[in-house]
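Data first, discussion second: the structure below is written as structure tokens.
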Amino acid sequence: MTLAPAVPRTAAELGLAEQFSAAADAAASPARAAAFRRFEAVGLPTRRVESWHYTDLRNALAKAAPAAGPPDDAALAAAKARLAALPPVAASRLTLVDGFFIAALSDAPPAGVALAPSPPAPPAPSDDPMLALNLALAPDGLAASVAAGAEPPPIEIVHCFSGEGARAVYSRLAIAVAAGARATFVERFVGAGAAAQRQASTWIDVGAGGGLAHVALIEDAPQLHVESQILRLAERASVDAFGLIAGGALARRQIFARLDGAAARIGLAGLGLLDGSRHADTTLEVVHGAPRGESREFYRHIVADQANGVFQGKVIVKPGAQKTDGAMKSQAILLSPEATMNAKPELEIFADDVVCGHGATIGALDAEQLFYLQARGLARPEAEAMLLEAFAAEAISRVADPGLAEALLELTRRWLTGRARERQT
């Protein structure tokens with residue numbers, strides 16, 4: 001028998017092992033130790049890991065930045081100044097600085113919402129190595145629970161990176177919406193610079209008949225942003241979630257959703273705005289485990305320069321999940337010959353009474369539409385921006401809250417305006 005040689009660990013993997021060994025609380029926890037063993041068994045994912053086929057993190061991450069500890073007075077002062085300059089998009093704001101919940105920089109939660117340290121995470125729904133790494137290294141974070149029947153005003157949760165230089169932040173957030181409750185949460189990632197590394201996880205549980213609207217915004221520019229979203233929906237629960245990727249050299253949003261109760265419904269949507277040599281990856285898995293479930297996935301990307309976009313979506317219909325209704329669509333516009341987009345929608349169906357479909361399109365701006373606008377006096381960059389805003393707006397229209405949708409459109413306009421100005425100079 002010939003044994004395959006062991007793959008040597010990279011400098012980044014060795015650094016992560018040292019971080020775990022140095023974190024006394026993490027190393028002393030059996031659950032965290034088990035999670036880190038799961039990470040070590042695979043290491044940083046490569047193209048050989050199917051769900052990471054288009055994002056070779058092992059090759060991209062040369063060195064693991066040192067982990068940020070609890071924020072000191074200087075870090076809190078920097079975070080306070082940054083928050084003061086950040087217009088709110090919801091009625092109340094909760095703040096995590098470098099992964100730690102800071103009550104002094106947060107509003108009191110509205111009636112019907114209780115806050116506590118994030119509880120130990122349940123068993124991971126996936127063997128994803130980066131989710132395992134987050135479970136091993138993230139501090140306790142924050143748990144927000146919405147009481148049964150409550151309908152609080154929207155809540156903004158700001159993940160603030162406090163400092164400059166090479167540092168890594170791990171965070172964990174839990175959101176529980178009890179039976180019959182309705183809530184809106186907005187997660188914003190701000191403050192990270194070009195040497196920052198971030199790994200965040202959000203665990204969402206929606207009880208019977210409950211409803212959640214969730215928006216995630218990547219607004220800063222870290223070297224690495226890996227965000228895992230884990231959702232579980234009970235009977236008749238509904239979730240509408242939207243993600244906007246507007247920053248980060250390498251950003252990955254991965255979503256693991258389980259519709260465990262009958263007649264549960266989920267809508268996932270997003271928009272990627274990519275320029276330069278940035279790489280953005282949205283990978284999702286939706287599992288229908290009960291009858292009469294409904295899922296909708298709708299993602300759009302605008303990819304310019306030498307940027308690279310990725311969309312991987314998989315919908316799994318388990319045996320017995322009859323009457324499932326699923327539809328998935330990915331659309332992308334490439335703005336240069338060097339821009340690339342990889343789209344891989346998938347269906348795995350093990351029930352015989354379902355309606356499911358998927359589609360993906362990748363193309364360029366319509367030349368006739370551009371000519372029409374230019375013939376009416378618009379410069380080409382302005383004409384492009386107008387068409388691209390309309391393309392992006394259809395994705396953003398999945399956000400039901402008018403104020404939130406307008407904030408997303410304004411962020412998109414700023415990105416498009418900046419790109420148009422660069423092209424005119």
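Following the order of the structure tokens, chains are lettered A, B, ..., residues in each are numbered from 1, and ligands are numbered from 1.
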Can you list, as a PyMOL selection string, every residue of segment 42-212 of chain A that DSSP puts in strand (DSSP E or B)? chain A and resi 67+92-97+100-101+113-116+142-146+155-160+168-177+182-190+197-206+211-212
At a cut-off of 12 Å, using only C-alpha atoms, what residues contact Leu411 of chain A? Leave out same-chain residues fewer than 6 positions from it and give the result as number ranges by chain. A: 217-220, 244-247, 271-273, 389, 392-393, 396, 404-405, 417-418
Would you mind exporting N, CA, C and O atoms of the selected residues as a PDB file, in the first residue's frame?
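Wrote it out as part23.pdb, contents follow:
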ATOM      1  N   LEU A 217     -24.266  44.177   5.456  1.00  0.00           N
ATOM      2  CA  LEU A 217     -23.524  45.112   4.604  1.00  0.00           C
ATOM      3  C   LEU A 217     -22.041  45.015   4.900  1.00  0.00           C
ATOM      4  O   LEU A 217     -21.603  45.240   6.033  1.00  0.00           O
ATOM      5  N   ILE A 218     -21.252  44.709   3.889  1.00  0.00           N
ATOM      6  CA  ILE A 218     -19.790  44.782   4.004  1.00  0.00           C
ATOM      7  C   ILE A 218     -19.384  46.116   3.399  1.00  0.00           C
ATOM      8  O   ILE A 218     -19.329  46.280   2.181  1.00  0.00           O
ATOM      9  N   GLU A 219     -19.069  47.079   4.274  1.00  0.00           N
ATOM     10  CA  GLU A 219     -18.817  48.443   3.830  1.00  0.00           C
ATOM     11  C   GLU A 219     -17.342  48.840   3.893  1.00  0.00           C
ATOM     12  O   GLU A 219     -16.973  49.915   3.427  1.00  0.00           O
ATOM     13  N   ASP A 220     -16.505  47.997   4.509  1.00  0.00           N
ATOM     14  CA  ASP A 220     -15.104  48.375   4.697  1.00  0.00           C
ATOM     15  C   ASP A 220     -14.213  47.590   3.746  1.00  0.00           C
ATOM     16  O   ASP A 220     -14.693  46.992   2.781  1.00  0.00           O
ATOM     17  N   LEU A 244     -25.097  42.721   0.893  1.00  0.00           N
ATOM     18  CA  LEU A 244     -24.420  43.616  -0.042  1.00  0.00           C
ATOM     19  C   LEU A 244     -22.926  43.539   0.207  1.00  0.00           C
ATOM     20  O   LEU A 244     -22.451  43.852   1.304  1.00  0.00           O
ATOM     21  N   ILE A 245     -22.175  43.118  -0.806  1.00  0.00           N
ATOM     22  CA  ILE A 245     -20.718  43.085  -0.735  1.00  0.00           C
ATOM     23  C   ILE A 245     -20.185  44.272  -1.521  1.00  0.00           C
ATOM     24  O   ILE A 245     -20.249  44.293  -2.751  1.00  0.00           O
ATOM     25  N   ALA A 246     -19.698  45.275  -0.784  1.00  0.00           N
ATOM     26  CA  ALA A 246     -19.161  46.475  -1.424  1.00  0.00           C
ATOM     27  C   ALA A 246     -17.710  46.729  -1.043  1.00  0.00           C
ATOM     28  O   ALA A 246     -17.163  47.783  -1.369  1.00  0.00           O
ATOM     29  N   GLY A 247     -17.068  45.789  -0.359  1.00  0.00           N
ATOM     30  CA  GLY A 247     -15.691  45.986   0.058  1.00  0.00           C
ATOM     31  C   GLY A 247     -15.029  44.662   0.385  1.00  0.00           C
ATOM     32  O   GLY A 247     -15.675  43.611   0.479  1.00  0.00           O
ATOM     33  N   LEU A 271     -26.283  41.469  -3.637  1.00  0.00           N
ATOM     34  CA  LEU A 271     -25.663  42.274  -4.689  1.00  0.00           C
ATOM     35  C   LEU A 271     -24.174  42.364  -4.399  1.00  0.00           C
ATOM     36  O   LEU A 271     -23.766  42.665  -3.277  1.00  0.00           O
ATOM     37  N   GLY A 272     -23.367  42.104  -5.412  1.00  0.00           N
ATOM     38  CA  GLY A 272     -21.922  42.254  -5.302  1.00  0.00           C
ATOM     39  C   GLY A 272     -21.431  43.363  -6.213  1.00  0.00           C
ATOM     40  O   GLY A 272     -21.753  43.372  -7.406  1.00  0.00           O
ATOM     41  N   LEU A 273     -20.663  44.309  -5.641  1.00  0.00           N
ATOM     42  CA  LEU A 273     -20.072  45.414  -6.402  1.00  0.00           C
ATOM     43  C   LEU A 273     -18.562  45.232  -6.343  1.00  0.00           C
ATOM     44  O   LEU A 273     -17.925  45.469  -5.315  1.00  0.00           O
ATOM     45  N   GLU A 389     -27.168  51.108 -12.188  1.00  0.00           N
ATOM     46  CA  GLU A 389     -28.027  51.365 -11.029  1.00  0.00           C
ATOM     47  C   GLU A 389     -29.368  50.659 -11.175  1.00  0.00           C
ATOM     48  O   GLU A 389     -29.900  50.084 -10.212  1.00  0.00           O
ATOM     49  N   ALA A 392     -28.790  46.980 -10.432  1.00  0.00           N
ATOM     50  CA  ALA A 392     -28.636  46.740  -8.998  1.00  0.00           C
ATOM     51  C   ALA A 392     -29.947  46.925  -8.251  1.00  0.00           C
ATOM     52  O   ALA A 392     -30.240  46.209  -7.285  1.00  0.00           O
ATOM     53  N   ALA A 393     -30.733  47.901  -8.677  1.00  0.00           N
ATOM     54  CA  ALA A 393     -31.968  48.226  -7.961  1.00  0.00           C
ATOM     55  C   ALA A 393     -32.939  47.057  -7.934  1.00  0.00           C
ATOM     56  O   ALA A 393     -33.699  46.899  -6.972  1.00  0.00           O
ATOM     57  N   ILE A 396     -31.938  45.010  -5.011  1.00  0.00           N
ATOM     58  CA  ILE A 396     -32.232  45.715  -3.765  1.00  0.00           C
ATOM     59  C   ILE A 396     -33.731  45.763  -3.499  1.00  0.00           C
ATOM     60  O   ILE A 396     -34.168  45.845  -2.337  1.00  0.00           O
ATOM     61  N   LEU A 404     -34.301  51.112   4.487  1.00  0.00           N
ATOM     62  CA  LEU A 404     -33.137  50.251   4.269  1.00  0.00           C
ATOM     63  C   LEU A 404     -32.810  50.142   2.784  1.00  0.00           C
ATOM     64  O   LEU A 404     -31.641  50.204   2.385  1.00  0.00           O
ATOM     65  N   ALA A 405     -33.845  49.974   1.968  1.00  0.00           N
ATOM     66  CA  ALA A 405     -33.615  49.869   0.531  1.00  0.00           C
ATOM     67  C   ALA A 405     -32.969  51.134  -0.014  1.00  0.00           C
ATOM     68  O   ALA A 405     -32.045  51.071  -0.844  1.00  0.00           O
ATOM     69  N   THR A 417     -20.725  56.138  -8.789  1.00  0.00           N
ATOM     70  CA  THR A 417     -20.221  57.487  -9.050  1.00  0.00           C
ATOM     71  C   THR A 417     -18.704  57.517  -8.967  1.00  0.00           C
ATOM     72  O   THR A 417     -18.030  58.141  -9.802  1.00  0.00           O
ATOM     73  N   GLY A 418     -18.162  56.856  -7.956  1.00  0.00           N
ATOM     74  CA  GLY A 418     -16.700  56.809  -7.832  1.00  0.00           C
ATOM     75  C   GLY A 418     -16.055  56.146  -9.029  1.00  0.00           C
ATOM     76  O   GLY A 418     -15.029  56.617  -9.538  1.00  0.00           O
TER      77      GLY A 418
END
Could you make a table, as JSON lines, of the residues of segment 4-80 of chain A that have an atom within 12 Å of an atom of segment 194-198 of chain A, each with its nearest atom pair and distance in Å to one decimal, counting only C-alpha atoms, in chain and number order?
{"residue": "A:Ala12", "atom": "CA", "partner": "A:Gln197", "partner_atom": "CA", "distance": 11.9}
{"residue": "A:Leu61", "atom": "CA", "partner": "A:Gln197", "partner_atom": "CA", "distance": 9.7}
{"residue": "A:Ala62", "atom": "CA", "partner": "A:Gln197", "partner_atom": "CA", "distance": 11.8}
{"residue": "A:Lys63", "atom": "CA", "partner": "A:Gln197", "partner_atom": "CA", "distance": 10.2}
{"residue": "A:Ala64", "atom": "CA", "partner": "A:Gln197", "partner_atom": "CA", "distance": 8.1}
{"residue": "A:Ala65", "atom": "CA", "partner": "A:Gln197", "partner_atom": "CA", "distance": 6.8}
{"residue": "A:Pro66", "atom": "CA", "partner": "A:Gln197", "partner_atom": "CA", "distance": 9.2}
{"residue": "A:Ala67", "atom": "CA", "partner": "A:Gln197", "partner_atom": "CA", "distance": 9.0}
{"residue": "A:Ala68", "atom": "CA", "partner": "A:Gln197", "partner_atom": "CA", "distance": 10.0}
Any chance you can output those residues with N, CA, C and O atoms as a PDB file, in the first residue's frame?
ATOM      1  N   ALA A  12       0.218  30.215   7.575  1.00  0.00           N
ATOM      2  CA  ALA A  12      -1.049  30.692   8.136  1.00  0.00           C
ATOM      3  C   ALA A  12      -1.670  29.641   9.047  1.00  0.00           C
ATOM      4  O   ALA A  12      -2.171  29.963  10.138  1.00  0.00           O
ATOM      5  N   LEU A  61      -4.201  33.166   1.597  1.00  0.00           N
ATOM      6  CA  LEU A  61      -3.858  33.657   2.936  1.00  0.00           C
ATOM      7  C   LEU A  61      -2.442  33.209   3.289  1.00  0.00           C
ATOM      8  O   LEU A  61      -2.230  32.090   3.750  1.00  0.00           O
ATOM      9  N   ALA A  62      -1.492  34.098   3.061  1.00  0.00           N
ATOM     10  CA  ALA A  62      -0.089  33.741   3.307  1.00  0.00           C
ATOM     11  C   ALA A  62       0.227  33.675   4.785  1.00  0.00           C
ATOM     12  O   ALA A  62       1.048  32.861   5.222  1.00  0.00           O
ATOM     13  N   LYS A  63      -0.417  34.524   5.587  1.00  0.00           N
ATOM     14  CA  LYS A  63      -0.093  34.599   7.008  1.00  0.00           C
ATOM     15  C   LYS A  63      -1.340  34.940   7.795  1.00  0.00           C
ATOM     16  O   LYS A  63      -2.148  35.779   7.371  1.00  0.00           O
ATOM     17  N   ALA A  64      -1.501  34.291   8.936  1.00  0.00           N
ATOM     18  CA  ALA A  64      -2.633  34.596   9.813  1.00  0.00           C
ATOM     19  C   ALA A  64      -2.275  35.785  10.690  1.00  0.00           C
ATOM     20  O   ALA A  64      -1.264  35.773  11.405  1.00  0.00           O
ATOM     21  N   ALA A  65      -3.083  36.825  10.624  1.00  0.00           N
ATOM     22  CA  ALA A  65      -2.843  38.000  11.466  1.00  0.00           C
ATOM     23  C   ALA A  65      -3.077  37.637  12.934  1.00  0.00           C
ATOM     24  O   ALA A  65      -3.898  36.770  13.244  1.00  0.00           O
ATOM     25  N   PRO A  66      -2.356  38.296  13.860  1.00  0.00           N
ATOM     26  CA  PRO A  66      -2.579  38.018  15.285  1.00  0.00           C
ATOM     27  C   PRO A  66      -4.000  38.374  15.696  1.00  0.00           C
ATOM     28  O   PRO A  66      -4.576  39.352  15.202  1.00  0.00           O
ATOM     29  N   ALA A  67      -4.563  37.569  16.588  1.00  0.00           N
ATOM     30  CA  ALA A  67      -5.936  37.783  17.023  1.00  0.00           C
ATOM     31  C   ALA A  67      -6.043  39.032  17.890  1.00  0.00           C
ATOM     32  O   ALA A  67      -5.198  39.280  18.761  1.00  0.00           O
ATOM     33  N   ALA A  68      -7.075  39.801  17.653  1.00  0.00           N
ATOM     34  CA  ALA A  68      -7.349  40.974  18.481  1.00  0.00           C
ATOM     35  C   ALA A  68      -7.961  40.516  19.804  1.00  0.00           C
ATOM     36  O   ALA A  68      -8.837  39.656  19.831  1.00  0.00           O
TER      37      ALA A  68
END
Neighbouring residues of segment 38-53 of chain A were defined as those with any atom within 8 Å, considering only C-alpha atoms; residues of the same chain fewer than 5 positions away were excluded. Please report them as a ChimeraX atom specification. /A:9,13,58-59,127,129-130,132-133,283,312
Residue selection dump (N, CA, C and O atoms) as a JSON list (two decimals), in the first residue's frame:
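Once written, selection_32.json looks like this:
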[["chain", "number", "residue", "atom", "x", "y", "z"],
["A", 9, "ARG", "N", 1.67, 21.87, 6.65],
["A", 9, "ARG", "CA", 0.85, 23.01, 7.04],
["A", 9, "ARG", "C", 1.52, 24.31, 6.60],
["A", 9, "ARG", "O", 2.74, 24.45, 6.65],
["A", 13, "GLU", "N", -1.65, 28.38, 8.64],
["A", 13, "GLU", "CA", -2.22, 27.32, 9.48],
["A", 13, "GLU", "C", -1.43, 27.14, 10.76],
["A", 13, "GLU", "O", -2.01, 26.93, 11.84],
["A", 58, "ARG", "N", -6.32, 28.72, 0.97],
["A", 58, "ARG", "CA", -5.00, 28.28, 1.42],
["A", 58, "ARG", "C", -3.90, 29.01, 0.66],
["A", 58, "ARG", "O", -2.87, 29.38, 1.22],
["A", 59, "ASN", "N", -4.13, 29.22, -0.61],
["A", 59, "ASN", "CA", -3.14, 29.93, -1.43],
["A", 59, "ASN", "C", -3.20, 31.44, -1.20],
["A", 59, "ASN", "O", -2.17, 32.12, -1.25],
["A", 127, "ASP", "N", -19.64, 20.69, 7.58],
["A", 127, "ASP", "CA", -18.25, 20.39, 7.95],
["A", 127, "ASP", "C", -17.30, 21.44, 7.42],
["A", 127, "ASP", "O", -16.09, 21.21, 7.30],
["A", 129, "PRO", "N", -14.59, 24.04, 7.06],
["A", 129, "PRO", "CA", -13.47, 24.27, 7.97],
["A", 129, "PRO", "C", -13.44, 25.68, 8.55],
["A", 129, "PRO", "O", -13.02, 25.87, 9.70],
["A", 130, "MET", "N", -13.90, 26.69, 7.80],
["A", 130, "MET", "CA", -13.84, 28.05, 8.33],
["A", 130, "MET", "C", -14.93, 28.30, 9.36],
["A", 130, "MET", "O", -14.74, 29.08, 10.30],
["A", 132, "ALA", "N", -15.84, 25.92, 11.40],
["A", 132, "ALA", "CA", -15.23, 25.26, 12.56],
["A", 132, "ALA", "C", -14.20, 26.16, 13.22],
["A", 132, "ALA", "O", -14.13, 26.24, 14.45],
["A", 133, "LEU", "N", -13.41, 26.87, 12.42],
["A", 133, "LEU", "CA", -12.41, 27.77, 12.98],
["A", 133, "LEU", "C", -13.08, 28.90, 13.76],
["A", 133, "LEU", "O", -12.60, 29.30, 14.83],
["A", 283, "THR", "N", -21.73, 31.70, -1.40],
["A", 283, "THR", "CA", -22.02, 30.28, -1.50],
["A", 283, "THR", "C", -23.13, 29.95, -0.51],
["A", 283, "THR", "O", -23.05, 30.32, 0.66],
["A", 312, "GLN", "N", -22.30, 30.28, -5.84],
["A", 312, "GLN", "CA", -22.59, 28.86, -5.78],
["A", 312, "GLN", "C", -23.84, 28.68, -4.94],
["A", 312, "GLN", "O", -23.87, 29.08, -3.77]]
Point out the residue among A:Thr361, A:Gln223, A:Ser118, A:Ser21 with the least atom-to-atom distance to Gly165 of chain A, counting only C-alpha atoms.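 Once distances to Gly165 of chain A are computed over only C-alpha atoms, the minimum belongs to A:Gln223.
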